[in-house]
Structure formats: C-alpha cells, structure tokens
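Have a look at upload_18.cif; it's mmCIF, C-alpha atoms:
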data_coords
loop_
_atom_site.group_PDB
_atom_site.id
_atom_site.type_symbol
_atom_site.label_atom_id
_atom_site.label_comp_id
_atom_site.auth_asym_id
_atom_site.auth_seq_id
_atom_site.Cartn_x
_atom_site.Cartn_y
_atom_site.Cartn_z
ATOM 1 C CA MET S 1 3.335 -12.586 -13.125
ATOM 2 C CA LEU S 2 6.251 -11.829 -15.410
ATOM 3 C CA VAL S 3 5.716 -8.117 -15.117
ATOM 4 C CA ASN S 4 5.950 -8.434 -11.349
ATOM 5 C CA GLU S 5 9.171 -10.398 -11.507
ATOM 6 C CA ARG S 6 10.891 -7.928 -13.771
ATOM 7 C CA LYS S 7 13.398 -5.572 -12.206
ATOM 8 C CA ILE S 8 12.576 -1.895 -12.218
ATOM 9 C CA PRO S 9 15.021 -0.082 -14.529
ATOM 10 C CA ILE S 10 17.317 2.593 -13.115
ATOM 11 C CA ILE S 11 18.690 5.152 -15.549
ATOM 12 C CA LYS S 12 21.686 7.380 -14.915
ATOM 13 C CA ILE S 13 21.788 10.881 -16.356
ATOM 14 C CA ARG S 14 24.774 13.018 -15.406
ATOM 15 C CA ASP S 15 25.030 12.889 -11.598
ATOM 16 C CA PHE S 16 21.569 11.529 -11.054
ATOM 17 C CA LEU S 17 19.714 8.257 -11.062
ATOM 18 C CA ILE S 18 16.189 8.225 -12.424
ATOM 19 C CA VAL S 19 13.731 5.552 -11.418
ATOM 20 C CA SER S 20 10.231 5.334 -12.758
ATOM 21 C CA ILE S 21 8.006 2.889 -10.935
ATOM 22 C CA GLN S 22 5.541 1.593 -13.519
ATOM 23 C CA VAL S 23 4.186 -1.513 -11.853
ATOM 24 C CA ASP S 24 2.060 -2.233 -8.825
ATOM 25 C CA MET S 25 4.843 -3.405 -6.528
ATOM 26 C CA HIS S 26 4.515 -6.318 -4.196
ATOM 27 C CA ASP S 27 6.501 -6.019 -0.983
ATOM 28 C CA ARG S 28 9.524 -7.996 -2.054
ATOM 29 C CA LEU S 29 9.849 -5.989 -5.254
ATOM 30 C CA ALA S 30 9.765 -2.757 -3.241
ATOM 31 C CA LEU S 31 12.555 -4.021 -0.985
ATOM 32 C CA GLN S 32 14.520 -5.223 -3.977
ATOM 33 C CA LEU S 33 14.222 -1.774 -5.547
ATOM 34 C CA GLN S 34 15.552 -0.237 -2.341
ATOM 35 C CA THR S 35 18.688 -2.393 -2.464
ATOM 36 C CA GLN S 36 19.047 -1.925 -6.203
ATOM 37 C CA ILE S 37 19.038 1.879 -5.892
ATOM 38 C CA LEU S 38 21.590 1.894 -3.060
ATOM 39 C CA GLU S 39 23.865 -0.398 -5.057
ATOM 40 C CA GLU S 40 23.553 1.873 -8.067
ATOM 41 C CA ILE S 41 24.457 4.913 -5.926
ATOM 42 C CA ALA S 42 27.598 3.130 -4.787
ATOM 43 C CA ARG S 43 28.462 1.891 -8.271
ATOM 44 C CA THR S 44 27.874 5.112 -10.208
ATOM 45 C CA HIS S 45 28.680 7.683 -7.482
ATOM 46 C CA ALA S 46 25.364 9.349 -8.208
ATOM 47 C CA ARG S 47 24.661 12.442 -6.096
ATOM 48 C CA GLY S 48 20.922 12.285 -6.309
ATOM 49 C CA VAL S 49 17.988 10.005 -7.062
ATOM 50 C CA LEU S 50 14.723 10.974 -8.664
ATOM 51 C CA ILE S 51 11.889 8.518 -8.093
ATOM 52 C CA ASP S 52 8.835 8.987 -10.264
ATOM 53 C CA ILE S 53 5.702 7.499 -8.737
ATOM 54 C CA SER S 54 3.171 9.182 -11.038
ATOM 55 C CA THR S 55 1.766 5.868 -12.215
ATOM 56 C CA LEU S 56 1.485 4.417 -8.706
ATOM 57 C CA GLU S 57 -2.198 4.175 -7.877
ATOM 58 C CA MET S 58 -1.630 3.375 -4.239
ATOM 59 C CA VAL S 59 1.008 3.853 -1.553
ATOM 60 C CA ASP S 60 0.275 1.923 1.608
ATOM 61 C CA SER S 61 2.215 1.948 4.869
ATOM 62 C CA PHE S 62 4.715 -0.632 3.657
ATOM 63 C CA ILE S 63 5.582 1.109 0.404
ATOM 64 C CA GLY S 64 5.645 4.425 2.262
ATOM 65 C CA ARG S 65 8.102 2.972 4.719
ATOM 66 C CA VAL S 66 10.277 1.583 1.928
ATOM 67 C CA LEU S 67 10.360 4.989 0.216
ATOM 68 C CA SER S 68 11.260 6.897 3.365
ATOM 69 C CA GLY S 69 13.810 4.239 4.351
ATOM 70 C CA MET S 70 15.373 4.590 0.951
ATOM 71 C CA ALA S 71 15.670 8.365 1.413
ATOM 72 C CA SER S 72 17.448 8.008 4.774
ATOM 73 C CA MET S 73 19.781 5.311 3.504
ATOM 74 C CA ALA S 74 20.647 7.300 0.392
ATOM 75 C CA SER S 75 21.347 10.386 2.471
ATOM 76 C CA ILE S 76 23.815 8.406 4.595
ATOM 77 C CA MET S 77 25.474 7.573 1.286
ATOM 78 C CA ASP S 78 25.574 11.298 0.481
ATOM 79 C CA ALA S 79 22.886 11.174 -2.191
ATOM 80 C CA ALA S 80 19.654 13.146 -2.114
ATOM 81 C CA VAL S 81 16.318 11.527 -2.945
ATOM 82 C CA VAL S 82 13.361 13.366 -4.404
ATOM 83 C CA ILE S 83 10.047 11.662 -5.011
ATOM 84 C CA VAL S 84 8.016 13.169 -7.820
ATOM 85 C CA GLY S 85 4.568 12.902 -9.318
ATOM 86 C CA MET S 86 2.486 11.640 -6.426
ATOM 87 C CA GLN S 87 -1.163 11.505 -7.491
ATOM 88 C CA PRO S 88 -3.525 13.701 -5.432
ATOM 89 C CA ALA S 89 -5.622 10.692 -4.381
ATOM 90 C CA VAL S 90 -2.491 8.941 -3.144
ATOM 91 C CA ALA S 91 -1.436 12.002 -1.130
ATOM 92 C CA ILE S 92 -4.894 12.294 0.469
ATOM 93 C CA THR S 93 -4.915 8.612 1.385
ATOM 94 C CA LEU S 94 -1.399 8.695 2.843
ATOM 95 C CA VAL S 95 -2.291 11.544 5.169
ATOM 96 C CA GLU S 96 -5.537 9.888 6.258
ATOM 97 C CA LEU S 97 -3.679 6.656 6.843
ATOM 98 C CA GLY S 98 -1.556 8.640 9.305
ATOM 99 C CA LEU S 99 1.707 7.908 7.589
ATOM 100 C CA GLU S 100 4.465 10.432 7.868
ATOM 101 C CA MET S 101 7.441 10.114 5.621
ATOM 102 C CA PRO S 102 10.260 11.847 7.466
ATOM 103 C CA GLY S 103 13.219 12.872 5.379
ATOM 104 C CA VAL S 104 11.402 12.412 2.110
ATOM 105 C CA GLU S 105 11.568 15.353 -0.240
ATOM 106 C CA THR S 106 8.928 15.625 -2.899
ATOM 107 C CA ALA S 107 8.296 17.639 -6.027
ATOM 108 C CA LEU S 108 5.279 17.914 -8.281
ATOM 109 C CA ASN S 109 6.958 16.616 -11.409
ATOM 110 C CA MET S 110 10.230 15.432 -12.928
ATOM 111 C CA GLU S 111 11.334 18.870 -14.009
ATOM 112 C CA LEU S 112 10.878 20.483 -10.600
ATOM 113 C CA GLY S 113 12.404 17.433 -8.955
ATOM 114 C CA MET S 114 15.461 17.731 -11.150
ATOM 115 C CA GLU S 115 15.844 21.429 -10.259
ATOM 116 C CA MET S 116 15.581 20.528 -6.602
ATOM 117 C CA LEU S 117 18.268 17.883 -6.883
ATOM 118 C CA GLU S 118 20.569 20.213 -8.785
ATOM 119 C CA LYS S 119 20.219 22.860 -6.087
ATOM 120 C CA ARG S 120 20.861 20.326 -3.350
ATOM 121 C CA VAL S 121 23.942 18.958 -5.042
ATOM 122 C CA ASN S 122 25.431 22.356 -5.925
ATOM 123 C CA THR S 123 25.245 23.884 -2.453
ATOM 124 C CA MET N 1 -12.723 -19.124 10.600
ATOM 125 C CA ILE N 2 -14.785 -16.488 12.336
ATOM 126 C CA GLU N 3 -17.770 -15.415 10.254
ATOM 127 C CA LEU N 4 -19.312 -12.001 10.885
ATOM 128 C CA THR N 5 -23.042 -11.400 10.657
ATOM 129 C CA SER N 6 -23.787 -10.631 7.056
ATOM 130 C CA ASP N 7 -26.784 -9.721 4.959
ATOM 131 C CA PRO N 8 -28.036 -12.487 2.641
ATOM 132 C CA GLY N 9 -28.890 -9.766 0.146
ATOM 133 C CA TRP N 10 -25.235 -8.987 -0.518
ATOM 134 C CA GLU N 11 -23.961 -10.161 -3.861
ATOM 135 C CA LEU N 12 -20.705 -12.108 -3.891
ATOM 136 C CA LEU N 13 -18.334 -10.629 -6.458
ATOM 137 C CA GLU N 14 -15.207 -12.604 -5.729
ATOM 138 C CA GLU N 15 -13.706 -14.882 -3.122
ATOM 139 C CA HIS N 16 -10.283 -16.426 -3.225
ATOM 140 C CA PRO N 17 -7.463 -17.635 -1.043
ATOM 141 C CA LEU N 18 -4.513 -15.387 -0.375
ATOM 142 C CA GLU N 19 -1.252 -17.283 -0.179
ATOM 143 C CA THR N 20 1.500 -15.230 -1.785
ATOM 144 C CA GLU N 21 2.557 -11.618 -2.186
ATOM 145 C CA PHE N 22 1.333 -11.770 -5.772
ATOM 146 C CA ASP N 23 -2.130 -12.595 -4.450
ATOM 147 C CA ILE N 24 -2.027 -9.321 -2.475
ATOM 148 C CA VAL N 25 -1.261 -7.362 -5.634
ATOM 149 C CA LYS N 26 -3.974 -9.199 -7.576
ATOM 150 C CA ALA N 27 -6.538 -8.778 -4.819
ATOM 151 C CA ARG N 28 -5.985 -5.041 -4.470
ATOM 152 C CA GLN N 29 -6.216 -4.648 -8.236
ATOM 153 C CA SER N 30 -9.578 -6.383 -8.288
ATOM 154 C CA VAL N 31 -10.786 -4.300 -5.324
ATOM 155 C CA ARG N 32 -9.890 -1.178 -7.275
ATOM 156 C CA GLN N 33 -11.699 -2.479 -10.353
ATOM 157 C CA PHE N 34 -14.862 -3.252 -8.362
ATOM 158 C CA ALA N 35 -14.684 0.179 -6.713
ATOM 159 C CA LYS N 36 -14.392 1.747 -10.142
ATOM 160 C CA ASP N 37 -17.297 -0.353 -11.449
ATOM 161 C CA ALA N 38 -19.379 0.744 -8.458
ATOM 162 C CA GLY N 39 -18.903 4.338 -9.592
ATOM 163 C CA MET N 40 -16.625 5.473 -6.766
ATOM 164 C CA GLY N 41 -14.402 8.482 -7.384
ATOM 165 C CA ILE N 42 -10.658 8.162 -7.634
ATOM 166 C CA VAL N 43 -10.029 9.164 -4.005
ATOM 167 C CA ASP N 44 -12.477 6.595 -2.633
ATOM 168 C CA GLN N 45 -11.062 3.946 -4.956
ATOM 169 C CA THR N 46 -7.625 4.694 -3.549
ATOM 170 C CA ARG N 47 -8.892 4.707 0.056
ATOM 171 C CA ILE N 48 -10.533 1.303 -0.133
ATOM 172 C CA THR N 49 -7.659 -0.232 -2.105
ATOM 173 C CA THR N 50 -5.127 1.063 0.414
ATOM 174 C CA ALA N 51 -7.204 -0.123 3.387
ATOM 175 C CA VAL N 52 -7.496 -3.595 1.881
ATOM 176 C CA SER N 53 -3.781 -3.645 1.132
ATOM 177 C CA GLU N 54 -3.054 -3.001 4.831
ATOM 178 C CA LEU N 55 -5.408 -5.785 5.921
ATOM 179 C CA LEU N 56 -4.026 -8.279 3.432
ATOM 180 C CA ARG N 57 -0.469 -7.573 4.467
ATOM 181 C CA ASN N 58 -1.375 -8.157 8.126
ATOM 182 C CA MET N 59 -3.052 -11.387 7.162
ATOM 183 C CA TYR N 60 -0.049 -12.487 5.124
ATOM 184 C CA MET N 61 2.518 -11.491 7.764
ATOM 185 C CA TYR N 62 0.798 -12.680 10.910
ATOM 186 C CA ALA N 63 -1.419 -15.535 9.719
ATOM 187 C CA GLY N 64 0.499 -16.669 6.641
ATOM 188 C CA GLY N 65 -2.514 -16.055 4.438
ATOM 189 C CA GLY N 66 -6.261 -16.420 4.455
ATOM 190 C CA ILE N 67 -9.300 -15.664 2.370
ATOM 191 C CA ILE N 68 -10.515 -12.437 0.800
ATOM 192 C CA ARG N 69 -14.186 -12.011 -0.008
ATOM 193 C CA ILE N 70 -15.520 -9.097 -2.033
ATOM 194 C CA GLN N 71 -19.252 -8.350 -1.933
ATOM 195 C CA LYS N 72 -21.560 -5.528 -2.841
ATOM 196 C CA GLY N 73 -24.900 -4.545 -1.420
ATOM 197 C CA LEU N 74 -26.767 -2.326 1.000
ATOM 198 C CA PHE N 75 -24.951 -1.406 4.199
ATOM 199 C CA ASP N 76 -26.437 1.209 6.554
ATOM 200 C CA HIS N 77 -28.793 2.197 3.715
ATOM 201 C CA HIS N 78 -25.903 2.866 1.340
ATOM 202 C CA GLN N 79 -24.885 0.905 -1.725
ATOM 203 C CA SER N 80 -21.503 -0.363 -0.640
ATOM 204 C CA LEU N 81 -18.485 -2.430 -1.445
ATOM 205 C CA ILE N 82 -17.887 -4.896 1.375
ATOM 206 C CA ILE N 83 -14.548 -6.622 1.775
ATOM 207 C CA THR N 84 -13.936 -9.340 4.326
ATOM 208 C CA CYS N 85 -10.539 -10.808 5.185
ATOM 209 C CA LEU N 86 -10.641 -14.099 7.079
ATOM 210 C CA ASP N 87 -7.711 -16.013 8.489
ATOM 211 C CA GLU N 88 -6.944 -18.898 10.779
ATOM 212 C CA GLY N 89 -3.852 -17.306 12.262
ATOM 213 C CA PRO N 90 -2.870 -16.866 15.904
ATOM 214 C CA GLY N 91 -5.456 -14.156 16.497
ATOM 215 C CA ILE N 92 -4.904 -10.799 18.166
ATOM 216 C CA ASP N 93 -4.345 -10.879 21.938
ATOM 217 C CA ASN N 94 -5.307 -7.317 22.605
ATOM 218 C CA VAL N 95 -7.533 -5.819 19.932
ATOM 219 C CA GLU N 96 -7.722 -2.439 21.661
ATOM 220 C CA LEU N 97 -3.942 -2.183 21.609
ATOM 221 C CA ALA N 98 -3.730 -3.319 17.986
ATOM 222 C CA MET N 99 -6.124 -0.529 17.033
ATOM 223 C CA GLN N 100 -3.849 2.140 18.506
ATOM 224 C CA ASP N 101 -1.855 4.327 16.167
ATOM 225 C CA GLY N 102 1.790 3.431 16.077
ATOM 226 C CA TYR N 103 1.400 0.130 17.907
ATOM 227 C CA THR N 104 3.036 -2.855 16.262
ATOM 228 C CA SER N 105 3.868 -6.298 17.526
ATOM 229 C CA GLY N 106 6.011 -7.179 14.564
ATOM 230 C CA GLN N 107 7.831 -5.710 11.633
ATOM 231 C CA GLY N 108 5.058 -3.376 10.589
ATOM 232 C CA MET N 109 4.831 0.318 11.269
ATOM 233 C CA GLY N 110 1.725 0.091 13.327
ATOM 234 C CA TYR N 111 -0.505 1.974 10.945
ATOM 235 C CA GLY N 112 -2.161 -1.070 9.442
ATOM 236 C CA LEU N 113 -5.382 -1.474 11.395
ATOM 237 C CA PRO N 114 -6.096 2.045 12.700
ATOM 238 C CA GLY N 115 -5.054 3.509 9.348
ATOM 239 C CA ALA N 116 -7.297 1.146 7.419
ATOM 240 C CA LYS N 117 -10.186 2.040 9.738
ATOM 241 C CA ARG N 118 -9.811 5.739 8.998
ATOM 242 C CA LEU N 119 -10.035 5.097 5.257
ATOM 243 C CA VAL N 120 -13.387 3.286 5.263
ATOM 244 C CA ASP N 121 -16.992 3.941 6.300
ATOM 245 C CA ASP N 122 -17.360 0.874 8.482
ATOM 246 C CA PHE N 123 -14.800 -1.373 10.119
ATOM 247 C CA GLU N 124 -15.443 -4.516 12.093
ATOM 248 C CA LEU N 125 -12.858 -6.784 13.637
ATOM 249 C CA GLN N 126 -13.304 -10.026 15.500
ATOM 250 C CA SER N 127 -10.430 -12.094 16.732
ATOM 251 C CA GLN N 128 -9.974 -15.099 18.969
ATOM 252 C CA PRO N 129 -6.554 -16.272 20.041
ATOM 253 C CA GLY N 130 -5.933 -19.658 18.453
ATOM 254 C CA LYS N 131 -8.888 -19.405 16.125
ATOM 255 C CA GLY N 132 -8.138 -16.542 13.813
ATOM 256 C CA THR N 133 -9.079 -13.032 12.846
ATOM 257 C CA THR N 134 -11.769 -11.632 10.593
ATOM 258 C CA VAL N 135 -11.821 -8.010 9.499
ATOM 259 C CA ARG N 136 -14.525 -6.450 7.385
ATOM 260 C CA VAL N 137 -14.288 -3.037 5.786
ATOM 261 C CA VAL N 138 -17.113 -1.235 4.025
ATOM 262 C CA LYS N 139 -16.948 1.685 1.648
ATOM 263 C CA TRP N 140 -20.138 3.448 0.649
ATOM 264 C CA LYS N 141 -20.565 4.179 -2.987
#
Take the structure in this file and express it as structure tokens.
Amino acid sequence: MLVNERKIPIIKIRDFLIVSIQVDMHDRLALQLQTQILEEIARTHARGVLIDISTLEMVDSFIGRVLSGMASMASIMDAAVVIVGMQPAVAITLVELGLEMPGVETALNMELGMEMLEKRVNT
Amino acid sequence: MIELTSDPGWELLEEHPLETEFDIVKARQSVRQFAKDAGMGIVDQTRITTAVSELLRNMYMYAGGGIIRIQKGLFDHHQSLIITCLDEGPGIDNVELAMQDGYTSGQGMGYGLPGAKRLVDDFELQSQPGKGTTVRVVKWK
C-alpha cells in the first residue's frame, strides 16, 4: 500500500524533467503524476519532459489516455514530452487494444529520448 | 449477480471483492502472476492483464465494484486462464453499442470492452439492466 501512496519523483537536469515510473500505477496516482509534472514545468520552466516507462508491465486505455493527455497539456505549456523505454509486449498490446496516442513522441531509450528533446528545444 | 455457465472441472485460483483502486492494481498483479505460472509468454501475460484491467476499471467506474474470480482449466480443448468479473451495477442498456470501438457512455475512452475482447481468446458478456453485468475472458495457455 505504502508504495502506491508514494509520489513519483521528478528530477530536473538542465532544461529537462526526468520521470521514471517504477510502480504499477492505480488511476488516481496516474492523474496525480499528470498534475505533478505540469506543476513542475511551471515551477522550473523546463522545456522538455522525459518519461521512462521501461518498468511498466502494462499500459491500459486509462494510463494511455493519461500519458497522451500529459503530452498535449505540456505542449500547450511549451514543453515537449518524450516517452521512452516502452516494452515490446506493452507496445503490441496497446496496438491490439486499439489505442492511439496522438501527440505522444516516443524513443527507444533514455539516451535517444534526450537527443530528441534537445533537438526539439534547440530548433 | 449473473452467473455464466461454467465447467465444474475448472479449478478456482482466487476470488475476491473489488472495492478500491488498490484492489484493481492487486488483482491485475495476481492475474499476471497466474498467467506467468501457467507458462504464458510475456506478450500473452500482458494481453490478459491489460484486458482484465479494462474490465475491472469498468466495473469500478460504472458499478462501484464487484467480484473478480480467477480460474484455470480446459476451455475449448485448451488449458486456459479464465477470469470472471461480476457486478451488481446498473447493467448495460445496449450491449451491442457498448462493444463498438470508440463508444463510451461515461468518462472512459470507449476502448474498454471491444479492446479487451481483442486481447483474449474468448469473451462472454451478459448484462441485465438493474441486475448487473458479468464478463468472462479466457486466455489459452
């Protein structure tokens, strides 16, 4: 229970926020993370957000919607969002589920995600 | 609650009430564990866990909770994991409509039921307005 109640840490490095989701999120935690990230963008003037979901074993329609909502909201706040590290099984399941995540940019891993963000921010 | 026809040969692995969001997380973790124990590959584990997650969320959102039952046994001549979600909620007025992609009556995205159906090998839904809804999904090993 305690693990579920704990906030997900958000780290700032240079112009970017880095979020690593390490727990199986219940819906409220996912929504809380969404708000938390937007508040951090406003507070730190971050230009980009990197969300690492490599330990997430499942993304269902709700979590998918939260992630894509987060990307649109962040872009309104002039920050780019890149989601990195999606497991192959999660990607297969998302497509079969029929979920599209408009506006969500993805990269294979942290390093490529960081390059992507840097390019986005510098152009 | 509406009970579906079941096979007495199926072994009950787990049955518990679902009342909170934490119960959803716990239930999908045990579904994944049972899928793993049954020898399913990682993609099938993810499919069945995701399908169950969709069903449980529906149950939580529209019926305020219910019961999840996890069984294993022979289904259509395949060793299978059989998961049944039973609730005493308002029921679904138009099942055909609810099974359409993109249709939602509430705050969902409308991928819950049809999406869950695509992820499993067998899907059965029975609903009666005022009595409740029962959905059973089956994943072959």
Point out the residue among S:Met58, S:Val104, S:Ile83, S:Ile18 with the least atom-to-atom distance to Val31 of chain N, counting all atoms listed in the file.
-> S:Met58
Extract, using all atoms listed in the file, all DNA, RNA and protein residues at most 10 Å from Leu31 of chain S, discarding same-chain residues fewer than 5 positions from it, and format them as a short mmCIF file (atom, residue, chain, number, x, y, z; two decimals) with C-alpha atoms, in the frame of the given file.
data_model
loop_
_atom_site.label_atom_id
_atom_site.label_comp_id
_atom_site.auth_asym_id
_atom_site.auth_seq_id
_atom_site.Cartn_x
_atom_site.Cartn_y
_atom_site.Cartn_z
CA MET S 25 4.84 -3.40 -6.53
CA HIS S 26 4.51 -6.32 -4.20
CA GLN S 36 19.05 -1.92 -6.20
CA PHE S 62 4.72 -0.63 3.66
CA ILE S 63 5.58 1.11 0.40
CA VAL S 66 10.28 1.58 1.93
CA LEU S 67 10.36 4.99 0.22
CA GLY S 69 13.81 4.24 4.35
CA MET S 70 15.37 4.59 0.95
#
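Once the PyMOL selection byres ((chain S) within 8 of (chain N)) is applied to the depicted file, the selected set reads S:Met1, S:Asn4, S:Asp24, S:Met25, S:His26, S:Asp27, S:Arg28, S:Glu57, S:Met58, S:Val59, S:Asp60, S:Ser61, S:Phe62, S:Arg65, S:Ala89, S:Val90, S:Ile92, S:Thr93, S:Glu96, S:Leu97, S:Gly98, S:Leu99.
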Might you pull out every residue within 10 Å of Gly66 of chain N, with all atoms listed in the file counted and same-chain residues fewer than 6 positions away left off, and present them as a PyMOL selection string?
-> chain N and resi 1+16-19+56+59-60+85-89+132-134
Which residues fall under the PyMOL selection byres ((chain S and resi 85) around 7) in this file, as a list in words?
-> Asp52, Ile53, Ser54, Val84, Met86, Gln87, Ala107, Leu108 and Asn109 of chain S
Would you mind listing what lies within 7 Å of segment 127-130 of chain N as number ranges by chain, with only C-alpha atoms counted and same-chain residues fewer than 5 positions away left out?
-> N: 89-93
Separation of atom CA of Glu105 of chain S and atom CA of Val23 of chain S, in Å?
-> 21.8 Å
Picked residues, the PyMOL selection byres ((chain N and resi 81) around 12), expected as a VMD selection string | chain N and resid 10 to 14 30 to 40 44 to 45 48 to 49 52 69 to 76 78 to 80 82 to 84 120 to 122 136 to 141
Quick one: residues within 12 Å of (16.9, 5.5, 5.0) (file frame), counting only C-alpha atoms, please, as a PyMOL selection string.
-> chain S and resi 34-35+37-38+64-81+101-104
Computed interatomic separation between atom CA of Asn122 of chain S and atom CA of Pro9 of chain S (Å) = 26.2 Å
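Distance-wise, atom CA of Gly64 of chain N and atom CA of Ala91 of chain S end up 29.8 Å apart.
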Restricting the calculation to only C-alpha atoms, which member of S:Met110, S:Ile21, S:Ile51, S:Leu56 is positioned closest to Val82 of chain S?
->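 Closest residue, counting only C-alpha atoms: S:Ile51.
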